[in-house]
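Listing of structure28.json; format and content: JSON, C-alpha atoms.
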[["chain", "number", "residue", "atom", "x", "y", "z"],
["A", 1, "MET", "CA", 129.90, -12.57, 75.66],
["A", 2, "SER", "CA", 129.95, -8.76, 75.52],
["A", 3, "GLY", "CA", 128.51, -8.83, 71.99],
["A", 4, "SER", "CA", 125.46, -10.88, 72.98],
["A", 5, "SER", "CA", 122.02, -9.41, 72.24],
["A", 6, "ILE", "CA", 120.82, -10.95, 75.52],
["A", 7, "LYS", "CA", 121.82, -9.14, 78.68],
["A", 8, "PHE", "CA", 120.91, -10.40, 82.13],
["A", 9, "LEU", "CA", 121.11, -8.16, 85.21],
["A", 10, "GLY", "CA", 121.42, -10.04, 88.49],
["A", 11, "THR", "CA", 123.56, -11.15, 91.40],
["A", 12, "ARG", "CA", 124.87, -14.64, 92.08],
["A", 13, "PRO", "CA", 123.32, -15.07, 95.56],
["A", 14, "SER", "CA", 119.82, -14.09, 94.41],
["A", 15, "PRO", "CA", 117.53, -17.12, 94.01],
["A", 16, "PHE", "CA", 115.31, -15.05, 91.73],
["A", 17, "ALA", "CA", 118.22, -14.26, 89.43],
["A", 18, "ASN", "CA", 119.15, -17.96, 89.57],
["A", 19, "ARG", "CA", 115.75, -18.80, 88.06],
["A", 20, "VAL", "CA", 116.48, -16.76, 84.97],
["A", 21, "GLU", "CA", 119.97, -18.14, 84.49],
["A", 22, "ILE", "CA", 118.75, -21.73, 84.84],
["A", 23, "ALA", "CA", 116.05, -21.10, 82.22],
["A", 24, "LEU", "CA", 118.60, -19.56, 79.84],
["A", 25, "ASN", "CA", 120.90, -22.52, 80.34],
["A", 26, "ILE", "CA", 118.11, -25.01, 79.67],
["A", 27, "LYS", "CA", 117.45, -23.28, 76.36],
["A", 28, "SER", "CA", 121.20, -22.98, 75.58],
["A", 29, "VAL", "CA", 120.89, -19.22, 75.09],
["A", 30, "ASP", "CA", 124.07, -17.14, 74.94],
["A", 31, "TYR", "CA", 123.83, -14.16, 77.26],
["A", 32, "GLU", "CA", 125.92, -11.52, 78.95],
["A", 33, "PHE", "CA", 125.66, -11.66, 82.75],
["A", 34, "ILE", "CA", 125.89, -8.18, 84.27],
["A", 35, "THR", "CA", 126.45, -8.20, 88.02],
["A", 36, "GLU", "CA", 124.47, -5.52, 89.81],
["A", 37, "ASP", "CA", 125.34, -3.82, 93.08],
["A", 38, "ILE", "CA", 121.85, -3.55, 94.49],
["A", 39, "PHE", "CA", 122.98, -0.95, 97.04],
["A", 40, "ASN", "CA", 124.37, 1.22, 94.26],
["A", 41, "LYS", "CA", 122.03, 0.45, 91.40],
["A", 42, "SER", "CA", 123.19, 1.14, 87.87],
["A", 43, "GLU", "CA", 121.37, 3.47, 85.51],
["A", 44, "LEU", "CA", 120.79, 0.48, 83.26],
["A", 45, "LEU", "CA", 118.89, -1.32, 86.04],
["A", 46, "LEU", "CA", 116.89, 1.76, 87.04],
["A", 47, "GLN", "CA", 115.90, 2.40, 83.43],
["A", 48, "SER", "CA", 115.16, -1.25, 82.71],
["A", 49, "SER", "CA", 113.08, -1.84, 85.84],
["A", 50, "PRO", "CA", 111.42, 1.53, 86.51],
["A", 51, "VAL", "CA", 108.56, 0.12, 88.62],
["A", 52, "HIS", "CA", 110.32, -2.19, 91.12],
["A", 53, "LYS", "CA", 113.94, -1.13, 90.45],
["A", 54, "LYS", "CA", 114.99, -4.69, 91.26],
["A", 55, "ILE", "CA", 116.83, -7.60, 89.75],
["A", 56, "PRO", "CA", 116.53, -9.80, 87.80],
["A", 57, "VAL", "CA", 116.05, -8.10, 84.46],
["A", 58, "LEU", "CA", 116.46, -9.73, 81.07],
["A", 59, "ILE", "CA", 117.21, -7.37, 78.18],
["A", 60, "HIS", "CA", 116.49, -8.95, 74.80],
["A", 61, "GLY", "CA", 117.75, -6.57, 72.16],
["A", 62, "ASP", "CA", 116.43, -3.26, 73.49],
["A", 63, "ASN", "CA", 113.47, -4.76, 75.32],
["A", 64, "PRO", "CA", 113.68, -5.28, 79.12],
["A", 65, "ILE", "CA", 111.60, -7.95, 80.86],
["A", 66, "CYS", "CA", 111.23, -7.87, 84.66],
["A", 67, "GLU", "CA", 110.24, -10.30, 87.44],
["A", 68, "SER", "CA", 111.76, -13.75, 87.55],
["A", 69, "LEU", "CA", 108.79, -15.98, 86.72],
["A", 70, "VAL", "CA", 107.61, -13.63, 83.99],
["A", 71, "ILE", "CA", 111.11, -13.81, 82.50],
["A", 72, "VAL", "CA", 111.15, -17.62, 82.72],
["A", 73, "GLN", "CA", 107.87, -17.80, 80.79],
["A", 74, "TYR", "CA", 109.22, -15.31, 78.23],
["A", 75, "ILE", "CA", 112.35, -17.40, 77.72],
["A", 76, "ASP", "CA", 110.28, -20.54, 77.25],
["A", 77, "GLU", "CA", 107.99, -18.88, 74.70],
["A", 78, "THR", "CA", 110.79, -17.10, 72.80],
["A", 79, "TRP", "CA", 113.32, -19.92, 72.42],
["A", 80, "THR", "CA", 111.10, -22.79, 71.38],
["A", 81, "ASN", "CA", 113.87, -24.99, 69.99],
["A", 82, "GLY", "CA", 115.07, -26.08, 73.44],
["A", 83, "PRO", "CA", 113.32, -28.27, 76.03],
["A", 84, "SER", "CA", 109.95, -26.89, 77.13],
["A", 85, "ILE", "CA", 109.85, -25.38, 80.61],
["A", 86, "CYS", "CA", 106.11, -24.71, 80.96],
["A", 87, "PRO", "CA", 103.66, -27.59, 80.48],
["A", 88, "SER", "CA", 101.93, -27.74, 77.09],
["A", 89, "VAL", "CA", 98.60, -28.93, 78.52],
["A", 90, "PRO", "CA", 96.53, -25.96, 79.82],
["A", 91, "HIS", "CA", 95.47, -27.73, 83.03],
["A", 92, "ASP", "CA", 99.04, -28.76, 83.84],
["A", 93, "ARG", "CA", 100.23, -25.24, 83.05],
["A", 94, "ALA", "CA", 97.63, -23.80, 85.43],
["A", 95, "ILE", "CA", 98.72, -26.20, 88.19],
["A", 96, "ALA", "CA", 102.37, -25.25, 87.65],
["A", 97, "ARG", "CA", 101.54, -21.55, 87.94],
["A", 98, "PHE", "CA", 99.49, -22.22, 91.07],
["A", 99, "TRP", "CA", 102.40, -23.92, 92.86],
["A", 100, "ALA", "CA", 104.92, -21.34, 91.67],
["A", 101, "ASP", "CA", 102.64, -18.64, 93.10],
["A", 102, "TYR", "CA", 102.37, -20.62, 96.34],
["A", 103, "VAL", "CA", 106.16, -20.79, 96.60],
["A", 104, "ASP", "CA", 106.59, -17.05, 96.07],
["A", 105, "ASN", "CA", 103.66, -15.67, 98.04],
["A", 106, "LYS", "CA", 103.04, -18.21, 100.81],
["A", 107, "TRP", "CA", 106.19, -20.25, 101.39],
["A", 108, "PHE", "CA", 109.09, -17.91, 100.59],
["A", 109, "PRO", "CA", 107.86, -15.15, 102.97],
["A", 110, "LEU", "CA", 108.36, -17.67, 105.79],
["A", 111, "ILE", "CA", 112.07, -17.88, 104.83],
["A", 112, "LEU", "CA", 112.32, -14.13, 105.33],
["A", 113, "GLU", "CA", 110.29, -14.34, 108.54],
["A", 114, "VAL", "CA", 112.54, -16.94, 110.16],
["A", 115, "GLY", "CA", 115.54, -14.72, 109.45],
["A", 116, "GLU", "CA", 113.87, -11.81, 111.19],
["A", 117, "ALA", "CA", 112.64, -13.79, 114.22],
["A", 118, "VAL", "CA", 114.64, -12.98, 117.35],
["A", 119, "GLU", "CA", 113.12, -15.18, 120.03],
["A", 120, "LYS", "CA", 113.95, -18.89, 119.92],
["A", 121, "GLU", "CA", 110.31, -19.97, 120.19],
["A", 122, "ALA", "CA", 109.24, -17.58, 117.44],
["A", 123, "LYS", "CA", 111.94, -18.94, 115.16],
["A", 124, "LYS", "CA", 110.89, -22.51, 115.98],
["A", 125, "ALA", "CA", 107.25, -21.72, 115.14],
["A", 126, "VAL", "CA", 108.18, -20.28, 111.75],
["A", 127, "LEU", "CA", 110.41, -23.25, 110.98],
["A", 128, "GLN", "CA", 107.47, -25.53, 111.66],
["A", 129, "LYS", "CA", 105.40, -23.58, 109.11],
["A", 130, "ILE", "CA", 108.22, -23.90, 106.59],
["A", 131, "ILE", "CA", 108.28, -27.67, 107.09],
["A", 132, "GLU", "CA", 104.49, -27.86, 106.77],
["A", 133, "GLY", "CA", 104.78, -25.99, 103.48],
["A", 134, "LEU", "CA", 107.42, -28.42, 102.28],
["A", 135, "CYS", "CA", 105.09, -31.31, 103.12],
["A", 136, "LEU", "CA", 102.47, -29.73, 100.85],
["A", 137, "LEU", "CA", 105.10, -29.39, 98.14],
["A", 138, "GLU", "CA", 106.02, -33.05, 98.68],
["A", 139, "GLU", "CA", 102.42, -33.97, 97.84],
["A", 140, "ALA", "CA", 102.51, -31.66, 94.83],
["A", 141, "PHE", "CA", 105.72, -33.30, 93.63],
["A", 142, "ILE", "CA", 104.18, -36.77, 93.81],
["A", 143, "LYS", "CA", 101.15, -35.64, 91.79],
["A", 144, "CYS", "CA", 102.94, -33.46, 89.24],
["A", 145, "SER", "CA", 105.95, -35.71, 88.60],
["A", 146, "LYS", "CA", 103.85, -38.85, 88.05],
["A", 147, "GLY", "CA", 106.74, -40.97, 89.29],
["A", 148, "LYS", "CA", 109.40, -39.22, 87.22],
["A", 149, "ASP", "CA", 112.47, -37.25, 88.34],
["A", 150, "PHE", "CA", 111.11, -33.70, 88.35],
["A", 151, "PHE", "CA", 107.92, -31.73, 88.87],
["A", 152, "GLY", "CA", 108.06, -31.25, 85.10],
["A", 153, "GLY", "CA", 108.43, -34.99, 84.44],
["A", 154, "ASP", "CA", 111.62, -36.20, 82.79],
["A", 155, "ASN", "CA", 113.10, -32.70, 82.61],
["A", 156, "ILE", "CA", 113.28, -29.58, 84.76],
["A", 157, "GLY", "CA", 110.07, -27.57, 84.43],
["A", 158, "TYR", "CA", 108.42, -24.43, 85.73],
["A", 159, "ILE", "CA", 107.80, -25.58, 89.32],
["A", 160, "ASP", "CA", 111.29, -27.09, 89.50],
["A", 161, "ILE", "CA", 112.82, -23.71, 88.69],
["A", 162, "ALA", "CA", 110.42, -21.81, 90.96],
["A", 163, "LEU", "CA", 111.26, -23.92, 94.01],
["A", 164, "GLY", "CA", 114.72, -25.21, 93.11],
["A", 165, "CYS", "CA", 116.24, -21.75, 93.06],
["A", 166, "PHE", "CA", 115.88, -21.70, 96.87],
["A", 167, "LEU", "CA", 117.76, -24.95, 97.51],
["A", 168, "GLY", "CA", 121.08, -23.21, 98.15],
["A", 169, "TRP", "CA", 119.48, -20.95, 100.74],
["A", 170, "ILE", "CA", 117.55, -23.86, 102.28],
["A", 171, "ARG", "CA", 120.83, -25.71, 102.84],
["A", 172, "ALA", "CA", 122.44, -22.56, 104.15],
["A", 173, "MET", "CA", 119.58, -22.17, 106.62],
["A", 174, "GLU", "CA", 119.96, -25.79, 107.71],
["A", 175, "MET", "CA", 123.63, -25.09, 108.45],
["A", 176, "MET", "CA", 122.99, -21.84, 110.32],
["A", 177, "LEU", "CA", 120.07, -23.10, 112.41],
["A", 178, "SER", "CA", 121.15, -26.75, 112.79],
["A", 179, "VAL", "CA", 117.83, -28.02, 111.44],
["A", 180, "ASN", "CA", 116.66, -30.43, 108.76],
["A", 181, "LEU", "CA", 114.18, -29.04, 106.28],
["A", 182, "ILE", "CA", 114.30, -31.24, 103.17],
["A", 183, "TYR", "CA", 115.35, -34.73, 104.22],
["A", 184, "GLU", "CA", 114.58, -38.37, 103.46],
["A", 185, "ALA", "CA", 112.54, -39.18, 106.57],
["A", 186, "LYS", "CA", 110.10, -36.27, 106.21],
["A", 187, "THR", "CA", 109.96, -35.46, 102.50],
["A", 188, "PRO", "CA", 111.58, -38.36, 100.60],
["A", 189, "GLY", "CA", 110.30, -37.23, 97.22],
["A", 190, "LEU", "CA", 111.68, -33.71, 97.61],
["A", 191, "ALA", "CA", 114.94, -35.01, 99.07],
["A", 192, "GLY", "CA", 115.65, -37.07, 95.96],
["A", 193, "TRP", "CA", 114.39, -34.30, 93.68],
["A", 194, "ALA", "CA", 116.70, -31.73, 95.33],
["A", 195, "GLU", "CA", 119.79, -33.87, 94.70],
["A", 196, "ARG", "CA", 118.82, -34.43, 91.07],
["A", 197, "PHE", "CA", 118.00, -30.77, 90.50],
["A", 198, "LEU", "CA", 121.30, -29.51, 91.89],
["A", 199, "SER", "CA", 123.19, -32.07, 89.79],
["A", 200, "GLU", "CA", 121.67, -30.90, 86.50],
["A", 201, "LYS", "CA", 124.06, -29.24, 84.04],
["A", 202, "ALA", "CA", 121.82, -26.17, 83.74],
["A", 203, "VAL", "CA", 121.92, -25.66, 87.52],
["A", 204, "LYS", "CA", 125.38, -26.77, 88.68],
["A", 205, "ASN", "CA", 127.29, -23.51, 88.30],
["A", 206, "VAL", "CA", 124.34, -21.24, 89.04],
["A", 207, "ILE", "CA", 123.30, -21.86, 92.64],
["A", 208, "MET", "CA", 126.04, -20.96, 95.09],
["A", 209, "GLU", "CA", 127.36, -23.41, 97.69],
["A", 210, "PRO", "CA", 125.58, -23.11, 101.06],
["A", 211, "GLU", "CA", 128.84, -22.14, 102.81],
["A", 212, "LYS", "CA", 129.20, -19.14, 100.52],
["A", 213, "LEU", "CA", 125.56, -18.19, 101.02],
["A", 214, "VAL", "CA", 126.04, -18.31, 104.78],
["A", 215, "ALA", "CA", 128.90, -15.82, 104.34],
["A", 216, "VAL", "CA", 126.63, -13.60, 102.22],
["A", 217, "TYR", "CA", 123.90, -13.77, 104.85],
["A", 218, "CYS", "CA", 126.30, -12.80, 107.60],
["A", 219, "ARG", "CA", 127.33, -9.61, 105.80],
["A", 220, "PRO", "CA", 125.78, -6.36, 107.09],
["A", 221, "LYS", "CA", 123.35, -6.35, 104.16],
["A", 222, "ASN", "CA", 121.84, -9.36, 102.45],
["A", 223, "GLN", "CA", 121.92, -9.19, 98.66],
["A", 224, "ALA", "CA", 119.50, -12.07, 98.18],
["A", 225, "ALA", "CA", 116.49, -10.32, 99.70],
["A", 226, "ASN", "CA", 116.39, -7.37, 97.28],
["A", 227, "ALA", "CA", 115.09, -9.16, 94.22],
["A", 228, "ASN", "CA", 111.95, -10.46, 92.64]]
Represent the structure from my file as structure tokens, please.
Amino acid sequence: MSGSSIKFLGTRPSPFANRVEIALNIKSVDYEFITEDIFNKSELLLQSSPVHKKIPVLIHGDNPICESLVIVQYIDETWTNGPSICPSVPHDRAIARFWADYVDNKWFPLILEVGEAVEKEAKKAVLQKIIEGLCLLEEAFIKCSKGKDFFGGDNIGYIDIALGCFLGWIRAMEMMLSVNLIYEAKTPGLAGWAERFLSEKAVKNVIMEPEKLVAVYCRPKNQAANAN
């Protein structure tokens, strides 16, 4: 789609880039995916994201938009003919933003921390915090979904995208560390939600298989970490 007016700068392993692609797919937007080498950043990326110099970046016409959740909201507000991503009710929208912020600023840093932990006990302690966070998200899922398939109800919504983008890496971590993080006995709601999310048409070809993500992680440099 080289003639598309929508350009999307990202990398396949990046969960933050995955968010944008899922949102574009939900809205059935045609776009040109431009793969970035984040260790040899293109001039287009540096010009489009002058503050953070990071992926993902959405370029709509000549206008760049940066940061994954900001881009998701922009997509939802710009292409109104597709399914809504953000809740229409102000209170529900505020709750969705709260949990998305929790995922990015409280829970996701633990994923990075467990990867950096060297000692076995330190790694175990961080994993416990990750599981505790998932238990909070289990409670949030029960309240937000109101008995339906997704945080957003019948369809994938804002929280689904914010958290669901990490499912590939969660499964990769489970493989690498021989642990269970999202599973029926501990978080039954999230376990069912994860299967449904990954099976959605908008998601299927976006999030990489955990085996491939393990291979990415084991490279000298990890592409997934350098994004927002």
Just checking: using all atoms listed in the file, which residue out of A:Ser14, A:Ile85, A:Ile6, A:Glu113 ends up closest to Asp62 in chain A? A:Ile6
Pick out the residues sitting within 12 Å of range 127-139 of chain A, and hand them over as a PDB file with C-alpha atoms, in the frame of the given file; count only C-alpha atoms, and ignore anything fewer than 4 positions along from it in its own chain.
ATOM      1  CA  ALA A  96     102.370 -25.250  87.650  1.00  0.00           C
ATOM      2  CA  PHE A  98      99.490 -22.220  91.070  1.00  0.00           C
ATOM      3  CA  TRP A  99     102.400 -23.920  92.860  1.00  0.00           C
ATOM      4  CA  ALA A 100     104.920 -21.340  91.670  1.00  0.00           C
ATOM      5  CA  TYR A 102     102.370 -20.620  96.340  1.00  0.00           C
ATOM      6  CA  VAL A 103     106.160 -20.790  96.600  1.00  0.00           C
ATOM      7  CA  ASP A 104     106.590 -17.050  96.070  1.00  0.00           C
ATOM      8  CA  ASN A 105     103.660 -15.670  98.040  1.00  0.00           C
ATOM      9  CA  LYS A 106     103.040 -18.210 100.810  1.00  0.00           C
ATOM     10  CA  TRP A 107     106.190 -20.250 101.390  1.00  0.00           C
ATOM     11  CA  PHE A 108     109.090 -17.910 100.590  1.00  0.00           C
ATOM     12  CA  PRO A 109     107.860 -15.150 102.970  1.00  0.00           C
ATOM     13  CA  LEU A 110     108.360 -17.670 105.790  1.00  0.00           C
ATOM     14  CA  ILE A 111     112.070 -17.880 104.830  1.00  0.00           C
ATOM     15  CA  LEU A 112     112.320 -14.130 105.330  1.00  0.00           C
ATOM     16  CA  GLU A 113     110.290 -14.340 108.540  1.00  0.00           C
ATOM     17  CA  VAL A 114     112.540 -16.940 110.160  1.00  0.00           C
ATOM     18  CA  GLY A 115     115.540 -14.720 109.450  1.00  0.00           C
ATOM     19  CA  GLU A 116     113.870 -11.810 111.190  1.00  0.00           C
ATOM     20  CA  ALA A 117     112.640 -13.790 114.220  1.00  0.00           C
ATOM     21  CA  LYS A 120     113.950 -18.890 119.920  1.00  0.00           C
ATOM     22  CA  GLU A 121     110.310 -19.970 120.190  1.00  0.00           C
ATOM     23  CA  ALA A 122     109.240 -17.580 117.440  1.00  0.00           C
ATOM     24  CA  LYS A 123     111.940 -18.940 115.160  1.00  0.00           C
ATOM     25  CA  LYS A 143     101.150 -35.640  91.790  1.00  0.00           C
ATOM     26  CA  CYS A 144     102.940 -33.460  89.240  1.00  0.00           C
ATOM     27  CA  SER A 145     105.950 -35.710  88.600  1.00  0.00           C
ATOM     28  CA  LYS A 146     103.850 -38.850  88.050  1.00  0.00           C
ATOM     29  CA  GLY A 147     106.740 -40.970  89.290  1.00  0.00           C
ATOM     30  CA  PHE A 150     111.110 -33.700  88.350  1.00  0.00           C
ATOM     31  CA  PHE A 151     107.920 -31.730  88.870  1.00  0.00           C
ATOM     32  CA  ILE A 159     107.800 -25.580  89.320  1.00  0.00           C
ATOM     33  CA  ASP A 160     111.290 -27.090  89.500  1.00  0.00           C
ATOM     34  CA  ALA A 162     110.420 -21.810  90.960  1.00  0.00           C
ATOM     35  CA  LEU A 163     111.260 -23.920  94.010  1.00  0.00           C
ATOM     36  CA  GLY A 164     114.720 -25.210  93.110  1.00  0.00           C
ATOM     37  CA  LEU A 167     117.760 -24.950  97.510  1.00  0.00           C
ATOM     38  CA  ILE A 170     117.550 -23.860 102.280  1.00  0.00           C
ATOM     39  CA  MET A 173     119.580 -22.170 106.620  1.00  0.00           C
ATOM     40  CA  GLU A 174     119.960 -25.790 107.710  1.00  0.00           C
ATOM     41  CA  LEU A 177     120.070 -23.100 112.410  1.00  0.00           C
ATOM     42  CA  SER A 178     121.150 -26.750 112.790  1.00  0.00           C
ATOM     43  CA  VAL A 179     117.830 -28.020 111.440  1.00  0.00           C
ATOM     44  CA  ASN A 180     116.660 -30.430 108.760  1.00  0.00           C
ATOM     45  CA  LEU A 181     114.180 -29.040 106.280  1.00  0.00           C
ATOM     46  CA  ILE A 182     114.300 -31.240 103.170  1.00  0.00           C
ATOM     47  CA  TYR A 183     115.350 -34.730 104.220  1.00  0.00           C
ATOM     48  CA  GLU A 184     114.580 -38.370 103.460  1.00  0.00           C
ATOM     49  CA  ALA A 185     112.540 -39.180 106.570  1.00  0.00           C
ATOM     50  CA  LYS A 186     110.100 -36.270 106.210  1.00  0.00           C
ATOM     51  CA  THR A 187     109.960 -35.460 102.500  1.00  0.00           C
ATOM     52  CA  PRO A 188     111.580 -38.360 100.600  1.00  0.00           C
ATOM     53  CA  GLY A 189     110.300 -37.230  97.220  1.00  0.00           C
ATOM     54  CA  LEU A 190     111.680 -33.710  97.610  1.00  0.00           C
ATOM     55  CA  ALA A 191     114.940 -35.010  99.070  1.00  0.00           C
ATOM     56  CA  GLY A 192     115.650 -37.070  95.960  1.00  0.00           C
ATOM     57  CA  TRP A 193     114.390 -34.300  93.680  1.00  0.00           C
ATOM     58  CA  ALA A 194     116.700 -31.730  95.330  1.00  0.00           C
TER      59      ALA A 194
END
What does the distance from CA of Ser199 in chain A to CA of Gly168 in chain A come to in Å, to one decimal? 12.4 Å
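Considering the residues A:Asn155, A:Leu213, A:Ile55, A:Lys7 and counting all atoms listed in the file, Lys201 in chain A has its shortest atom-to-atom contact with A:Asn155.
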